[in-house]
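Just work27.txt here, compact mmCIF, C-alpha atoms:
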# COMPACT_ATOMS: atom_id res chain seq x y z
CA GLN A 1 -1.40 -8.00 24.33
CA LEU A 2 0.52 -7.42 21.10
CA VAL A 3 -2.00 -9.44 19.08
CA ASP A 4 -4.86 -7.70 20.87
CA GLU A 5 -3.53 -4.34 19.59
CA PHE A 6 -2.73 -5.70 16.11
CA PRO A 7 -4.40 -3.55 13.40
CA HIS A 8 -5.84 -6.59 11.62
CA ASN A 9 -8.70 -8.76 12.83
CA VAL A 10 -7.31 -11.78 14.62
CA PHE A 11 -9.31 -14.57 16.18
CA LEU A 12 -8.72 -17.96 17.70
CA CYS A 13 -10.95 -20.96 17.23
CA SER A 14 -11.04 -24.54 18.38
CA PRO A 15 -10.07 -27.45 16.13
CA GLY A 16 -13.81 -27.74 15.39
CA GLY A 17 -14.09 -24.11 14.28
CA GLU A 18 -15.74 -22.50 17.35
CA ILE A 19 -14.37 -18.99 17.91
CA PHE A 20 -13.20 -18.44 21.49
CA TRP A 21 -11.17 -15.19 21.26
CA THR A 22 -11.01 -12.06 19.08
CA ASN A 23 -8.70 -9.06 19.29
CA LYS A 24 -9.78 -5.43 19.72
CA SER A 25 -9.73 -4.70 15.97
CA SER A 26 -12.59 -7.13 15.63
CA ASN A 27 -14.81 -4.63 17.50
CA GLN A 28 -15.54 -2.97 14.18
CA PHE A 29 -17.85 -5.92 13.57
CA LYS A 30 -19.56 -5.55 16.96
CA PHE A 31 -21.43 -2.39 16.08
CA GLY A 32 -18.73 -0.09 17.40
CA ALA A 33 -18.82 -1.08 21.04
CA ASP A 34 -17.10 -3.59 23.24
CA ASP A 35 -19.50 -6.31 24.12
CA ILE A 36 -19.41 -9.60 25.91
CA ALA A 37 -18.67 -12.09 23.20
CA ASP A 38 -20.98 -15.06 23.15
CA PHE A 39 -18.71 -17.33 21.15
CA ALA A 40 -21.23 -20.15 21.22
CA SER A 41 -23.49 -17.84 19.23
CA THR A 42 -23.45 -17.94 15.45
CA ALA A 43 -24.09 -14.18 15.18
CA TRP A 44 -20.71 -13.79 13.47
CA ILE A 45 -22.17 -15.62 10.45
CA ASP A 46 -24.37 -12.57 9.79
CA LYS A 47 -21.19 -10.49 9.39
CA ILE A 48 -20.30 -12.44 6.20
CA HIS A 49 -21.94 -11.15 3.02
CA PRO A 50 -24.74 -13.57 1.99
CA ASP A 51 -23.17 -14.08 -1.45
CA ASP A 52 -19.86 -15.09 0.16
CA GLN A 53 -21.12 -17.41 2.90
CA ASP A 54 -21.09 -20.69 0.95
CA MET A 55 -17.61 -20.08 -0.41
CA ALA A 56 -16.28 -18.93 2.98
CA PHE A 57 -17.70 -21.95 4.84
CA ARG A 58 -16.45 -24.33 2.15
CA ASN A 59 -12.91 -22.86 2.18
CA PHE A 60 -12.76 -22.72 5.97
CA SER A 61 -14.10 -26.27 6.42
CA THR A 62 -11.87 -27.72 3.70
CA GLY A 63 -8.85 -25.92 5.12
CA MET A 64 -9.54 -27.21 8.60
CA ALA A 65 -9.99 -30.74 7.27
CA VAL A 66 -6.68 -30.74 5.37
CA GLY A 67 -4.76 -28.68 7.94
CA CYS A 68 -4.09 -25.64 5.75
CA ILE A 69 -6.47 -22.77 5.04
CA GLU A 70 -5.67 -21.11 1.72
CA PRO A 71 -6.24 -17.33 1.67
CA TYR A 72 -9.56 -16.24 0.22
CA ARG A 73 -11.50 -13.02 -0.18
CA VAL A 74 -14.72 -12.36 1.67
CA ARG A 75 -16.93 -9.33 2.37
CA LEU A 76 -17.59 -8.60 6.03
CA LYS A 77 -20.18 -6.24 7.50
CA LYS A 78 -18.73 -3.51 9.69
CA HIS A 79 -20.54 -1.89 12.62
CA ASN A 80 -21.92 0.80 10.27
CA GLY A 81 -23.65 -1.87 8.16
CA GLU A 82 -21.37 -1.47 5.14
CA PHE A 83 -19.53 -4.42 3.66
CA GLU A 84 -15.82 -4.27 2.98
CA TRP A 85 -13.48 -6.78 1.38
CA TYR A 86 -11.11 -8.78 3.56
CA LEU A 87 -8.48 -11.37 2.84
CA PHE A 88 -8.91 -14.27 5.22
CA THR A 89 -6.32 -16.83 6.12
CA GLY A 90 -5.78 -19.19 9.00
CA ALA A 91 -3.04 -21.34 10.43
CA PRO A 92 -3.15 -24.26 12.85
CA MET A 93 -1.31 -24.10 16.18
CA PHE A 94 -0.09 -27.48 17.39
CA ASP A 95 0.40 -28.88 20.88
CA GLU A 96 3.45 -30.88 22.01
CA ALA A 97 1.92 -34.08 20.63
CA GLY A 98 1.52 -32.56 17.15
CA LYS A 99 -2.28 -32.28 17.36
CA ILE A 100 -4.05 -29.06 16.41
CA ARG A 101 -4.66 -27.14 19.64
CA HIS A 102 -6.44 -24.22 17.95
CA TRP A 103 -6.52 -22.17 14.78
CA VAL A 104 -5.38 -18.57 14.38
CA GLY A 105 -7.43 -16.69 11.84
CA VAL A 106 -6.63 -13.27 10.39
CA ASN A 107 -8.80 -10.95 8.31
CA ILE A 108 -6.88 -8.19 6.55
CA ASN A 109 -8.84 -5.30 5.07
CA ILE A 110 -8.21 -5.25 1.31
CA ASP A 111 -11.20 -3.08 0.42
CA LYS A 112 -9.12 -0.29 -1.17
CA PHE A 113 -7.21 -2.86 -3.23
CA LYS A 114 -10.42 -4.62 -4.27
CA ARG A 115 -12.03 -1.30 -5.27
CA ALA A 116 -8.90 -0.39 -7.26
CA GLU A 117 -8.99 -3.82 -8.88
CA GLU A 118 -12.66 -3.34 -9.80
CA ALA A 119 -11.94 0.14 -11.19
CA ALA A 120 -9.03 -1.24 -13.23
CA GLU A 121 -11.26 -4.06 -14.51
CA ALA A 122 -13.98 -1.57 -15.48
CA HIS A 123 -11.38 0.59 -17.22
CA THR A 124 -10.00 -2.48 -19.01
CA GLN A 125 -13.50 -3.43 -20.16
CA ALA A 126 -14.09 0.12 -21.39
CA LEU A 127 -10.81 -0.02 -23.30
CA HIS A 128 -11.79 -3.38 -24.80
CA ALA A 129 -15.12 -1.91 -25.88
CA GLN A 130 -13.31 1.06 -27.39
CA ILE A 131 -10.88 -1.24 -29.22
CA ASN A 132 -13.79 -3.36 -30.48
CA GLY A 133 -15.42 -0.17 -31.77
CA TYR A 134 -12.21 0.79 -33.58
CA VAL A 135 -11.93 -2.71 -35.05
CA ARG A 136 -15.54 -2.55 -36.32
CA ARG A 137 -14.91 0.88 -37.84
CA LEU A 138 -11.70 -0.39 -39.45
CA GLU A 139 -13.52 -3.43 -40.87
CA GLU A 140 -16.26 -1.15 -42.23
CA ALA A 141 -13.63 1.14 -43.75
CA GLN A 142 -11.89 -1.87 -45.33
CA LYS A 143 -15.20 -3.08 -46.78
CA LEU A 144 -15.92 0.40 -48.10
CA ALA A 145 -12.41 0.68 -49.58
CA SER A 146 -12.81 -2.74 -51.22
CA LEU A 147 -16.19 -1.71 -52.62
CA ASN A 148 -14.69 1.56 -53.92
CA GLN A 149 -11.85 -0.36 -55.58
CA LYS A 150 -14.37 -2.69 -57.25
CA GLN A 151 -16.43 0.29 -58.40
CA ASP A 152 -13.29 2.01 -59.76
CA LEU A 153 -12.27 -1.18 -61.56
CA LEU A 154 -15.75 -1.61 -63.01
CA SER A 155 -15.88 2.05 -64.00
CA ASN A 156 -12.46 1.80 -65.70
CA LEU A 157 -13.50 -1.44 -67.43
CA ALA A 158 -16.78 0.08 -68.60
CA GLY A 159 -14.95 3.21 -69.78
CA SER A 160 -12.42 1.11 -71.69
CA VAL A 161 -15.12 -1.05 -73.25
CA ALA A 162 -17.08 2.07 -74.21
CA HIS A 163 -13.96 3.65 -75.72
CA GLU A 164 -13.13 0.51 -77.69
CA LEU A 165 -16.74 0.17 -78.80
CA ASN A 166 -16.74 3.83 -79.84
CA ASN A 167 -13.56 3.24 -81.87
CA LEU A 168 -15.13 0.17 -83.53
CA LEU A 169 -18.34 2.06 -84.25
CA PHE A 170 -16.32 4.92 -85.76
CA VAL A 171 -14.45 2.50 -88.04
CA MET A 172 -17.69 0.73 -88.90
CA GLY A 173 -19.31 4.11 -89.60
CA LEU A 174 -16.48 5.06 -91.96
CA ASN A 175 -16.70 1.71 -93.72
CA ALA A 176 -20.49 2.10 -93.94
CA GLU A 177 -19.98 5.52 -95.54
CA VAL A 178 -17.50 4.10 -98.02
CA LEU A 179 -19.90 1.27 -98.83
CA GLN A 180 -22.77 3.70 -99.24
CA ARG A 181 -20.77 5.81 -101.70
CA ARG A 182 -19.88 2.76 -103.71
CA ILE A 183 -23.46 1.64 -103.82
Re-express the file's structure as structure tokens.
Amino acid sequence: QLVDEFPHNVFLCSPGGEIFWTNKSSNQFKFGADDIADFASTAWIDKIHPDDQDMAFRNFSTGMAVGCIEPYRVRLKKHNGEFEWYLFTGAPMFDEAGKIRHWVGVNINIDKFKRAEEAAEAHTQALHAQINGYVRRLEEAQKLASLNQKQDLLSNLAGSVAHELNNLLFVMGLNAEVLQRRI
């Protein structure tokens, strides 16, 4: 009774993976109403998001084969048709002989955490894009500053050369005048 009232989705399945019991919280996947569960049916497969089915089946099957199901995330369709994120895990229950009698599976709704994680990831990506923009602007500013320094250096060099040339021309002009007077 305690597990039946548990706020998380709990189910039991055979060693082969056939579900034979679910608690009341699992009704959210039964279109909002209690129904007679046909556990031989594979209708529960439709509750798993199509993009998550291969991964979910692989993790569940591998876990059952090795005797330990590692937690994994999966989207499940609720009675309203919307998908929400759940963390799934399962544990084997053994009989007196040490053989697996059945598996206990639990789905815990992590949709709010997943949405927060996605929002944080989107914010992180936006910050990375902003940082990349700042880096590009800084690189452009550094190139522009380097170009300005080169132009200043060239301008100073040209000004110095022109000044020296002017001085030489002045001296040459004076000498030319002196020579002209002598001639």
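As for atom CA of A:Asn107 and atom CA of A:Val10, they are spaced 6.5 Å apart.
Atom CA of A:His49 lies 7.2 Å from atom CA of A:Phe83.
One finds atom CA of A:Leu76 at 18.0 Å from atom CA of A:Cys13.
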- [ ] Excluding A:Phe11 and residues on its chain fewer than 4 positions from it, collect all residues at most 10 Å away from it, counting only C-alpha atoms, and give them as number ranges by chain.
- [x] A: 3-4, 19-26, 90, 103-107
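Residue nearest A:Ile110, chosen from A:Tyr72, A:Phe6, A:Tyr86, A:Tyr134 and counting only C-alpha atoms: A:Tyr86.
Compared by their closest atoms to A:Thr62, and using only C-alpha atoms, the residues A:Ser155, A:Gln149, A:Gly16, A:Leu174 rank with A:Gly16 nearest.
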Using the file's own x, y and z axes, what box holds all listed atoms of stretch 160-175 of chain A with 4 Å on each side, keeping edges along x, y and z, and what are its centre and edge lengths in Å to one decimal, as AutoDock Vina command-line options?
--center_x -15.9 --center_y 2.0 --center_z -82.7 --size_x 14.9 --size_y 14.1 --size_z 30.0
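Residue nearest A:Ser14 within the list A:Arg58, A:Arg101, A:Lys47, A:Arg115: A:Arg101 [criterion: smallest interatomic distance, all atoms listed in the file].
Of the listed residues A:Pro15, A:Lys112, A:Glu70, A:Ala56, the one whose atoms come nearest to A:Lys99 is A:Pro15, with distances taken using all atoms listed in the file.
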Open item on the list: Nearest residue to A:Ala91 out of A:Ile69, A:Pro7, A:Asp111, A:Leu12, using all atoms listed in the file?
Closed with: A:Ile69
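With all atoms listed in the file as the basis for measurement, A:Ile108 is the residue among A:Leu87, A:Ala126, A:Ile108, A:Met64 that approaches A:Asn9 most closely.
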I need stretch 155-182 of chain A written out with N, CA, C and O atoms, as a PDB file, in the first residue's frame; please produce it.
ATOM      1  N   SER A 155      54.956  57.286 -40.658  1.00  0.00           N
ATOM      2  CA  SER A 155      54.783  58.737 -40.755  1.00  0.00           C
ATOM      3  C   SER A 155      55.968  59.454 -40.110  1.00  0.00           C
ATOM      4  O   SER A 155      56.506  60.411 -40.678  1.00  0.00           O
ATOM      5  N   ASN A 156      56.381  58.994 -38.913  1.00  0.00           N
ATOM      6  CA  ASN A 156      57.539  59.592 -38.240  1.00  0.00           C
ATOM      7  C   ASN A 156      58.812  59.402 -39.064  1.00  0.00           C
ATOM      8  O   ASN A 156      59.632  60.327 -39.189  1.00  0.00           O
ATOM      9  N   LEU A 157      58.978  58.204 -39.632  1.00  0.00           N
ATOM     10  CA  LEU A 157      60.147  57.914 -40.458  1.00  0.00           C
ATOM     11  C   LEU A 157      60.152  58.814 -41.697  1.00  0.00           C
ATOM     12  O   LEU A 157      61.171  59.419 -42.039  1.00  0.00           O
ATOM     13  N   ALA A 158      59.004  58.913 -42.342  1.00  0.00           N
ATOM     14  CA  ALA A 158      58.908  59.759 -43.541  1.00  0.00           C
ATOM     15  C   ALA A 158      59.158  61.221 -43.172  1.00  0.00           C
ATOM     16  O   ALA A 158      59.854  61.950 -43.896  1.00  0.00           O
ATOM     17  N   GLY A 159      58.625  61.660 -42.041  1.00  0.00           N
ATOM     18  CA  GLY A 159      58.840  63.035 -41.600  1.00  0.00           C
ATOM     19  C   GLY A 159      60.315  63.291 -41.302  1.00  0.00           C
ATOM     20  O   GLY A 159      60.868  64.340 -41.663  1.00  0.00           O
ATOM     21  N   SER A 160      60.959  62.323 -40.659  1.00  0.00           N
ATOM     22  CA  SER A 160      62.394  62.467 -40.355  1.00  0.00           C
ATOM     23  C   SER A 160      63.213  62.491 -41.622  1.00  0.00           C
ATOM     24  O   SER A 160      64.145  63.315 -41.761  1.00  0.00           O
ATOM     25  N   VAL A 161      62.917  61.590 -42.543  1.00  0.00           N
ATOM     26  CA  VAL A 161      63.643  61.551 -43.815  1.00  0.00           C
ATOM     27  C   VAL A 161      63.429  62.861 -44.562  1.00  0.00           C
ATOM     28  O   VAL A 161      64.386  63.454 -45.095  1.00  0.00           O
ATOM     29  N   ALA A 162      62.204  63.341 -44.585  1.00  0.00           N
ATOM     30  CA  ALA A 162      61.914  64.607 -45.282  1.00  0.00           C
ATOM     31  C   ALA A 162      62.665  65.764 -44.630  1.00  0.00           C
ATOM     32  O   ALA A 162      63.223  66.635 -45.319  1.00  0.00           O
ATOM     33  N   HIS A 163      62.714  65.780 -43.301  1.00  0.00           N
ATOM     34  CA  HIS A 163      63.422  66.836 -42.584  1.00  0.00           C
ATOM     35  C   HIS A 163      64.916  66.792 -42.897  1.00  0.00           C
ATOM     36  O   HIS A 163      65.533  67.826 -43.195  1.00  0.00           O
ATOM     37  N   GLU A 164      65.483  65.572 -42.835  1.00  0.00           N
ATOM     38  CA  GLU A 164      66.910  65.419 -43.149  1.00  0.00           C
ATOM     39  C   GLU A 164      67.191  65.796 -44.604  1.00  0.00           C
ATOM     40  O   GLU A 164      68.187  66.460 -44.913  1.00  0.00           O
ATOM     41  N   LEU A 165      66.332  65.373 -45.487  1.00  0.00           N
ATOM     42  CA  LEU A 165      66.491  65.699 -46.907  1.00  0.00           C
ATOM     43  C   LEU A 165      66.396  67.214 -47.110  1.00  0.00           C
ATOM     44  O   LEU A 165      67.165  67.805 -47.877  1.00  0.00           O
ATOM     45  N   ASN A 166      65.459  67.837 -46.416  1.00  0.00           N
ATOM     46  CA  ASN A 166      65.303  69.288 -46.481  1.00  0.00           C
ATOM     47  C   ASN A 166      66.575  69.985 -46.005  1.00  0.00           C
ATOM     48  O   ASN A 166      67.033  70.955 -46.620  1.00  0.00           O
ATOM     49  N   ASN A 167      67.132  69.459 -44.877  1.00  0.00           N
ATOM     50  CA  ASN A 167      68.388  70.042 -44.365  1.00  0.00           C
ATOM     51  C   ASN A 167      69.513  69.891 -45.389  1.00  0.00           C
ATOM     52  O   ASN A 167      70.290  70.831 -45.625  1.00  0.00           O
ATOM     53  N   LEU A 168      69.618  68.686 -46.003  1.00  0.00           N
ATOM     54  CA  LEU A 168      70.652  68.455 -47.012  1.00  0.00           C
ATOM     55  C   LEU A 168      70.448  69.357 -48.225  1.00  0.00           C
ATOM     56  O   LEU A 168      71.414  69.926 -48.762  1.00  0.00           O
ATOM     57  N   LEU A 169      69.207  69.485 -48.653  1.00  0.00           N
ATOM     58  CA  LEU A 169      68.907  70.345 -49.796  1.00  0.00           C
ATOM     59  C   LEU A 169      69.246  71.809 -49.489  1.00  0.00           C
ATOM     60  O   LEU A 169      69.763  72.544 -50.347  1.00  0.00           O
ATOM     61  N   PHE A 170      68.982  72.228 -48.232  1.00  0.00           N
ATOM     62  CA  PHE A 170      69.301  73.595 -47.839  1.00  0.00           C
ATOM     63  C   PHE A 170      70.806  73.830 -47.918  1.00  0.00           C
ATOM     64  O   PHE A 170      71.276  74.826 -48.462  1.00  0.00           O
ATOM     65  N   VAL A 171      71.574  72.856 -47.372  1.00  0.00           N
ATOM     66  CA  VAL A 171      73.035  72.970 -47.407  1.00  0.00           C
ATOM     67  C   VAL A 171      73.521  72.939 -48.852  1.00  0.00           C
ATOM     68  O   VAL A 171      74.389  73.730 -49.259  1.00  0.00           O
ATOM     69  N   MET A 172      72.946  72.038 -49.641  1.00  0.00           N
ATOM     70  CA  MET A 172      73.342  71.947 -51.047  1.00  0.00           C
ATOM     71  C   MET A 172      72.979  73.236 -51.781  1.00  0.00           C
ATOM     72  O   MET A 172      73.729  73.717 -52.645  1.00  0.00           O
ATOM     73  N   GLY A 173      71.843  73.816 -51.432  1.00  0.00           N
ATOM     74  CA  GLY A 173      71.422  75.084 -52.048  1.00  0.00           C
ATOM     75  C   GLY A 173      72.401  76.212 -51.711  1.00  0.00           C
ATOM     76  O   GLY A 173      72.746  77.030 -52.570  1.00  0.00           O
ATOM     77  N   LEU A 174      72.825  76.260 -50.436  1.00  0.00           N
ATOM     78  CA  LEU A 174      73.794  77.279 -50.038  1.00  0.00           C
ATOM     79  C   LEU A 174      75.117  77.091 -50.781  1.00  0.00           C
ATOM     80  O   LEU A 174      75.714  78.046 -51.271  1.00  0.00           O
ATOM     81  N   ASN A 175      75.556  75.830 -50.824  1.00  0.00           N
ATOM     82  CA  ASN A 175      76.804  75.550 -51.543  1.00  0.00           C
ATOM     83  C   ASN A 175      76.664  75.877 -53.028  1.00  0.00           C
ATOM     84  O   ASN A 175      77.613  76.365 -53.644  1.00  0.00           O
ATOM     85  N   ALA A 176      75.492  75.599 -53.594  1.00  0.00           N
ATOM     86  CA  ALA A 176      75.270  75.912 -55.011  1.00  0.00           C
ATOM     87  C   ALA A 176      75.325  77.418 -55.213  1.00  0.00           C
ATOM     88  O   ALA A 176      75.866  77.901 -56.205  1.00  0.00           O
ATOM     89  N   GLU A 177      74.779  78.182 -54.264  1.00  0.00           N
ATOM     90  CA  GLU A 177      74.829  79.641 -54.360  1.00  0.00           C
ATOM     91  C   GLU A 177      76.257  80.141 -54.284  1.00  0.00           C
ATOM     92  O   GLU A 177      76.670  81.024 -55.049  1.00  0.00           O
ATOM     93  N   VAL A 178      77.026  79.567 -53.374  1.00  0.00           N
ATOM     94  CA  VAL A 178      78.420  79.954 -53.211  1.00  0.00           C
ATOM     95  C   VAL A 178      79.174  79.630 -54.488  1.00  0.00           C
ATOM     96  O   VAL A 178      79.982  80.448 -54.978  1.00  0.00           O
ATOM     97  N   LEU A 179      78.930  78.448 -55.029  1.00  0.00           N
ATOM     98  CA  LEU A 179      79.591  78.054 -56.281  1.00  0.00           C
ATOM     99  C   LEU A 179      79.188  78.988 -57.421  1.00  0.00           C
ATOM    100  O   LEU A 179      80.001  79.377 -58.252  1.00  0.00           O
ATOM    101  N   GLN A 180      77.954  79.349 -57.472  1.00  0.00           N
ATOM    102  CA  GLN A 180      77.457  80.217 -58.544  1.00  0.00           C
ATOM    103  C   GLN A 180      78.124  81.597 -58.438  1.00  0.00           C
ATOM    104  O   GLN A 180      78.461  82.178 -59.437  1.00  0.00           O
ATOM    105  N   ARG A 181      78.328  82.102 -57.271  1.00  0.00           N
ATOM    106  CA  ARG A 181      78.957  83.401 -57.081  1.00  0.00           C
ATOM    107  C   ARG A 181      80.415  83.336 -57.509  1.00  0.00           C
ATOM    108  O   ARG A 181      80.938  84.298 -58.058  1.00  0.00           O
ATOM    109  N   ARG A 182      81.048  82.221 -57.224  1.00  0.00           N
ATOM    110  CA  ARG A 182      82.442  82.088 -57.583  1.00  0.00           C
ATOM    111  C   ARG A 182      82.590  81.983 -59.102  1.00  0.00           C
ATOM    112  O   ARG A 182      83.583  82.427 -59.660  1.00  0.00           O
TER     113      ARG A 182
END
